[in-house]
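Just start-v7.pdb here, PDB, C-alpha atoms:
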```pdb
ATOM      1  CA  MET J 442     102.694 223.039 199.790
ATOM      2  CA  ARG J 443     106.285 222.207 198.850
ATOM      3  CA  ASP J 444     109.199 222.551 201.210
ATOM      4  CA  ARG J 445     111.665 225.263 200.216
ATOM      5  CA  ASP J 446     115.234 225.949 201.240
ATOM      6  CA  ALA J 447     116.555 229.369 202.326
ATOM      7  CA  GLY J 448     117.141 230.283 198.661
ATOM      8  CA  GLY J 449     113.538 229.475 197.725
ATOM      9  CA  ARG J 450     114.403 226.276 195.804
ATOM     10  CA  ALA J 451     111.958 223.396 196.132
ATOM     11  CA  ARG J 452     113.176 220.712 198.546
ATOM     12  CA  ASN J 453     111.332 217.694 199.801
ATOM     13  CA  ALA J 454     112.148 217.480 203.482
ATOM     14  CA  ARG J 455     109.721 214.619 204.132
ATOM     15  CA  PRO J 456     111.284 211.380 205.307
ATOM     16  CA  ARG J 457     111.490 208.607 202.714
ATOM     17  CA  ASP J 458     111.388 204.825 202.835
ATOM     18  CA  GLU J 459     114.177 202.597 201.514
ATOM     19  CA  LEU J 460     112.783 202.888 197.968
ATOM     20  CA  GLY J 461     112.647 206.680 198.075
ATOM     21  CA  ARG J 462     108.895 206.984 198.548
ATOM     22  CA  PRO J 463     107.803 209.943 200.713
ATOM     23  CA  LEU J 464     106.472 209.083 204.143
ATOM     24  CA  ALA J 465     104.314 211.078 206.535
ATOM     25  CA  ARG J 466     106.149 214.089 207.970
ATOM     26  CA  ASP J 467     106.224 212.563 211.460
ATOM     27  CA  ALA J 468     107.504 209.156 210.276
ATOM     28  CA  THR J 469     111.065 207.945 210.601
ATOM     29  CA  GLY J 470     112.663 207.323 207.232
ATOM     30  CA  VAL J 471     115.984 205.986 206.077
ATOM     31  CA  PRO J 472     119.064 208.232 205.987
ATOM     32  CA  ARG J 473     119.272 210.290 202.794
ATOM     33  CA  ALA J 474     122.067 211.829 200.835
ATOM     34  CA  PRO J 475     122.314 215.578 201.407
ATOM     35  CA  ASP J 476     120.435 217.645 198.788
ATOM     36  CA  ASP J 477     123.676 219.310 197.776
ATOM     37  CA  ILE J 478     125.794 216.154 197.491
ATOM     38  CA  ALA J 479     128.383 216.521 194.738
ATOM     39  CA  LEU J 480     131.108 213.910 194.876
ATOM     40  CA  PRO J 481     134.024 213.798 192.451
ATOM     41  CA  PRO J 482     133.509 211.141 189.751
ATOM     42  CA  ALA J 483     135.678 208.413 191.298
ATOM     43  CA  GLU J 484     134.015 208.773 194.701
ATOM     44  CA  ALA J 485     130.530 208.992 193.186
ATOM     45  CA  LEU J 486     131.070 205.752 191.271
ATOM     46  CA  ILE J 487     132.276 203.909 194.375
ATOM     47  CA  GLU J 488     129.401 205.195 196.521
ATOM     48  CA  ALA J 489     126.772 204.598 193.826
ATOM     49  CA  GLN J 490     127.995 201.028 193.280
ATOM     50  CA  HIS J 491     127.910 200.373 197.012
ATOM     51  CA  LEU J 492     124.336 201.686 197.208
ATOM     52  CA  LEU J 493     123.180 199.751 194.127
ATOM     53  CA  ASP J 494     124.697 196.542 195.491
ATOM     54  CA  ALA J 495     122.911 197.173 198.825
ATOM     55  CA  GLY J 496     119.547 197.518 197.049
ATOM     56  CA  GLN J 497     119.418 201.288 197.587
ATOM     57  CA  ALA J 498     118.983 202.439 194.002
ATOM     58  CA  PHE J 499     117.103 205.607 194.966
ATOM     59  CA  GLN J 500     120.011 206.744 197.120
ATOM     60  CA  ALA J 501     122.451 205.816 194.314
ATOM     61  CA  HIS J 502     120.427 208.043 192.013
ATOM     62  CA  GLU J 503     120.853 210.979 194.384
ATOM     63  CA  VAL J 504     124.637 210.493 194.430
ATOM     64  CA  LEU J 505     124.848 210.186 190.629
ATOM     65  CA  GLU J 506     122.528 213.151 190.098
ATOM     66  CA  GLY J 507     124.778 215.368 192.216
ATOM     67  CA  THR J 508     127.775 214.463 190.071
ATOM     68  CA  TRP J 509     125.758 214.890 186.851
ATOM     69  CA  LYS J 510     124.782 218.436 187.776
ATOM     70  CA  LEU J 511     128.454 219.440 188.182
ATOM     71  CA  ALA J 512     129.910 217.349 185.341
ATOM     72  CA  VAL J 513     131.839 218.956 182.533
ATOM     73  CA  PRO J 514     129.609 219.447 179.467
ATOM     74  CA  ALA J 515     131.182 216.561 177.539
ATOM     75  CA  GLU J 516     130.229 214.119 180.335
ATOM     76  CA  ARG J 517     126.817 215.403 181.403
ATOM     77  CA  GLU J 518     124.748 212.973 179.340
ATOM     78  CA  LEU J 519     126.790 210.045 180.647
ATOM     79  CA  TRP J 520     126.164 211.023 184.274
ATOM     80  CA  ARG J 521     122.525 211.762 183.499
ATOM     81  CA  GLY J 522     122.233 208.286 182.016
ATOM     82  CA  LEU J 523     123.840 206.714 185.083
ATOM     83  CA  ALA J 524     121.378 208.571 187.326
ATOM     84  CA  GLN J 525     118.516 207.350 185.112
ATOM     85  CA  LEU J 526     119.827 203.795 185.363
ATOM     86  CA  ALA J 527     119.438 204.026 189.148
ATOM     87  CA  VAL J 528     115.929 205.467 188.728
ATOM     88  CA  GLY J 529     115.029 202.600 186.393
ATOM     89  CA  ILE J 530     116.166 200.114 189.023
ATOM     90  CA  THR J 531     114.171 202.070 191.624
ATOM     91  CA  HIS J 532     111.026 201.735 189.489
ATOM     92  CA  ALA J 533     111.630 197.978 189.240
ATOM     93  CA  GLN J 534     112.037 197.783 193.033
ATOM     94  CA  ARG J 535     108.757 199.645 193.450
ATOM     95  CA  GLY J 536     106.951 197.284 191.062
ATOM     96  CA  ASN J 537     106.526 199.898 188.326
ATOM     97  CA  ARG J 538     107.112 197.876 185.156
ATOM     98  CA  ALA J 539     106.476 200.698 182.662
ATOM     99  CA  GLY J 540     108.670 203.146 184.562
ATOM    100  CA  ALA J 541     111.501 200.626 184.841
ATOM    101  CA  VAL J 542     111.442 199.859 181.110
ATOM    102  CA  ALA J 543     111.267 203.537 180.100
ATOM    103  CA  LEU J 544     114.079 204.714 182.390
ATOM    104  CA  LEU J 545     116.373 201.774 181.658
ATOM    105  CA  ARG J 546     115.984 202.359 177.915
ATOM    106  CA  ARG J 547     116.547 206.090 178.329
ATOM    107  CA  SER J 548     119.663 205.429 180.389
ATOM    108  CA  ALA J 549     121.061 203.084 177.736
ATOM    109  CA  GLU J 550     120.494 205.737 175.055
ATOM    110  CA  ARG J 551     122.509 208.254 177.070
ATOM    111  CA  ILE J 552     125.277 205.921 178.252
ATOM    112  CA  GLY J 553     125.782 203.946 175.034
ATOM    113  CA  PRO J 554     127.508 206.695 173.017
ATOM    114  CA  TYR J 555     130.305 206.752 175.621
ATOM    115  CA  GLY J 556     131.116 203.067 174.990
ATOM    116  CA  GLN J 557     134.376 203.806 173.178
ATOM    117  CA  GLY J 558     136.861 205.336 175.603
ATOM    118  CA  PRO J 559     134.550 206.297 178.477
ATOM    119  CA  PRO J 560     135.910 208.617 181.185
ATOM    120  CA  HIS J 561     136.678 207.606 184.774
ATOM    121  CA  GLY J 562     136.858 203.891 183.963
ATOM    122  CA  ILE J 563     133.075 203.716 183.551
ATOM    123  CA  ALA J 564     132.025 200.480 181.861
ATOM    124  CA  ALA J 565     129.688 202.408 179.556
ATOM    125  CA  ALA J 566     129.267 199.721 176.885
ATOM    126  CA  SER J 567     128.446 196.938 179.343
ATOM    127  CA  VAL J 568     126.228 199.177 181.492
ATOM    128  CA  ALA J 569     124.244 200.298 178.430
ATOM    129  CA  ASP J 570     123.981 196.671 177.281
ATOM    130  CA  TRP J 571     122.755 195.625 180.751
ATOM    131  CA  ALA J 572     120.137 198.395 180.754
ATOM    132  CA  ASN J 573     118.890 197.450 177.267
ATOM    133  CA  ARG J 574     118.745 193.708 178.030
ATOM    134  CA  THR J 575     117.059 194.261 181.381
ATOM    135  CA  ALA J 576     114.471 196.634 179.891
ATOM    136  CA  GLU J 577     113.747 194.117 177.127
ATOM    137  CA  ASP J 578     113.370 191.264 179.627
ATOM    138  CA  ILE J 579     111.032 193.286 181.843
ATOM    139  CA  ASP J 580     109.013 194.420 178.838
ATOM    140  CA  ARG J 581     108.719 190.848 177.530
ATOM    141  CA  VAL J 582     108.127 188.816 180.714
ATOM    142  CA  GLY J 583     107.497 191.356 183.478
ATOM    143  CA  LEU J 584     109.383 192.253 186.609
ATOM    144  CA  PRO J 585     111.509 189.485 188.087
ATOM    145  CA  ASP J 586     110.522 187.791 191.339
ATOM    146  CA  ARG J 587     113.880 188.663 192.868
ATOM    147  CA  PRO J 588     115.766 191.974 193.018
ATOM    148  CA  LEU J 589     117.743 192.981 189.956
ATOM    149  CA  THR J 590     121.470 192.392 190.162
ATOM    150  CA  PRO J 591     122.867 195.796 189.178
ATOM    151  CA  PRO J 592     125.636 196.146 186.623
ATOM    152  CA  ARG J 593     129.233 196.992 187.520
ATOM    153  CA  LEU J 594     129.611 200.714 186.851
ATOM    154  CA  THR J 595     133.359 200.483 186.346
ATOM    155  CA  GLY J 596     135.651 197.837 185.049
TER
END
```
Could you take the file, read its structure, and then write that structure out as structure tokens?
Amino acid sequence: MRDRDAGGRARNARPRDELGRPLARDATGVPRAPDDIALPPAEALIEAQHLLDAGQAFQAHEVLEGTWKLAVPAERELWRGLAQLAVGITHAQRGNRAGAVALLRRSAERIGPYGQGPPHGIAAASVADWANRTAEDIDRVGLPDRPLTPPRLTG
């Protein structure tokens, strides 16, 4: 049975580990972003970068997803791609090679078209290039023995 909020929307209230995996209901998990988080673009980029750099890609995804859902139509695919980038990194952290490759490639496809004149100072071209190269490396040789060094989202 899924958890639901007062409006009837599905919510997962179970605690999660540092990689976003659900834990038993009575376990103590890591702090999570609120379900309704929706930061303005500049703040979302700063927070997401901080979380990515700290190895908390799942939490970065939640921040980026909140901004994606409220983005103006012309920017939605960019924010969706950034959220998918964080999910791809999460899959790599969890040891899911196929998921990492698929989500990193999907993120590059969404981010890449914004490479010329991206909004909010997002380094779209270099982020898409990082996602493509990283997906190719993982596909060719497997997951690295050390954590991925995430790209700079702005610059």
Evaluating the PyMOL selection byres ((chain J and resi 536) around 12) on the displayed file yields which residues, as a ChimeraX atom specification?
/J:460,529-535,537-542,579,583-589
Selected residues written out, C-alpha atoms, as a PDB file, in the coordinates of the input:
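Contents of part.pdb, as written:
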```pdb
ATOM      1  CA  LEU J 460     112.783 202.888 197.968  1.00  0.00           C
ATOM      2  CA  GLY J 529     115.029 202.600 186.393  1.00  0.00           C
ATOM      3  CA  ILE J 530     116.166 200.114 189.023  1.00  0.00           C
ATOM      4  CA  THR J 531     114.171 202.070 191.624  1.00  0.00           C
ATOM      5  CA  HIS J 532     111.026 201.735 189.489  1.00  0.00           C
ATOM      6  CA  ALA J 533     111.630 197.978 189.240  1.00  0.00           C
ATOM      7  CA  GLN J 534     112.037 197.783 193.033  1.00  0.00           C
ATOM      8  CA  ARG J 535     108.757 199.645 193.450  1.00  0.00           C
ATOM      9  CA  ASN J 537     106.526 199.898 188.326  1.00  0.00           C
ATOM     10  CA  ARG J 538     107.112 197.876 185.156  1.00  0.00           C
ATOM     11  CA  ALA J 539     106.476 200.698 182.662  1.00  0.00           C
ATOM     12  CA  GLY J 540     108.670 203.146 184.562  1.00  0.00           C
ATOM     13  CA  ALA J 541     111.501 200.626 184.841  1.00  0.00           C
ATOM     14  CA  VAL J 542     111.442 199.859 181.110  1.00  0.00           C
ATOM     15  CA  ILE J 579     111.032 193.286 181.843  1.00  0.00           C
ATOM     16  CA  GLY J 583     107.497 191.356 183.478  1.00  0.00           C
ATOM     17  CA  LEU J 584     109.383 192.253 186.609  1.00  0.00           C
ATOM     18  CA  PRO J 585     111.509 189.485 188.087  1.00  0.00           C
ATOM     19  CA  ASP J 586     110.522 187.791 191.339  1.00  0.00           C
ATOM     20  CA  ARG J 587     113.880 188.663 192.868  1.00  0.00           C
ATOM     21  CA  PRO J 588     115.766 191.974 193.018  1.00  0.00           C
ATOM     22  CA  LEU J 589     117.743 192.981 189.956  1.00  0.00           C
TER      23      LEU J 589
END
```
Determine the residue set returned by the PyMOL selection byres ((chain J and resi 511) around 12) for the present structure, and present it as an mmCIF file with C-alpha atoms, keeping the file's coordinate frame.
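So the final result, stored in part19.cif, reads:
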```cif
data_model
loop_
_atom_site.group_PDB
_atom_site.id
_atom_site.type_symbol
_atom_site.label_atom_id
_atom_site.label_comp_id
_atom_site.auth_asym_id
_atom_site.auth_seq_id
_atom_site.Cartn_x
_atom_site.Cartn_y
_atom_site.Cartn_z
ATOM 1 C CA ASP J 477 123.676 219.310 197.776
ATOM 2 C CA ILE J 478 125.794 216.154 197.491
ATOM 3 C CA ALA J 479 128.383 216.521 194.738
ATOM 4 C CA LEU J 480 131.108 213.910 194.876
ATOM 5 C CA PRO J 481 134.024 213.798 192.451
ATOM 6 C CA PRO J 482 133.509 211.141 189.751
ATOM 7 C CA ALA J 485 130.530 208.992 193.186
ATOM 8 C CA VAL J 504 124.637 210.493 194.430
ATOM 9 C CA LEU J 505 124.848 210.186 190.629
ATOM 10 C CA GLU J 506 122.528 213.151 190.098
ATOM 11 C CA GLY J 507 124.778 215.368 192.216
ATOM 12 C CA THR J 508 127.775 214.463 190.071
ATOM 13 C CA TRP J 509 125.758 214.890 186.851
ATOM 14 C CA LYS J 510 124.782 218.436 187.776
ATOM 15 C CA ALA J 512 129.910 217.349 185.341
ATOM 16 C CA VAL J 513 131.839 218.956 182.533
ATOM 17 C CA PRO J 514 129.609 219.447 179.467
ATOM 18 C CA ALA J 515 131.182 216.561 177.539
ATOM 19 C CA GLU J 516 130.229 214.119 180.335
ATOM 20 C CA ARG J 517 126.817 215.403 181.403
ATOM 21 C CA GLU J 518 124.748 212.973 179.340
ATOM 22 C CA TRP J 520 126.164 211.023 184.274
ATOM 23 C CA ARG J 521 122.525 211.762 183.499
#
```
A straight line from atom CA of J:Glu488 to atom CA of J:Gln500 spans 9.5 Å
Could you check which of J:Val568, J:Leu519, J:Ala483, J:Ala524 is closest to J:Phe499, using all atoms listed in the file?
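Between J:Val568, J:Leu519, J:Ala483, J:Ala524, the residue approaching J:Phe499 most closely is J:Ala524.
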Please return as a PyMOL selection string every residue within 10 Å of (128.1, 199.5, 185.0), taking into account only C-alpha atoms and the file's own coordinates.
chain J and resi 486+490+523+526+552+562-572+591-596
Between atom CA of J:Asp580 and atom CA of J:Leu544, measure the distance and give it in Å to one decimal.
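Between atom CA of J:Asp580 and atom CA of J:Leu544 the gap works out to 12.0 Å.
Going from atom CA of J:Arg551 over to atom CA of J:Glu459, you cover 26.4 Å.
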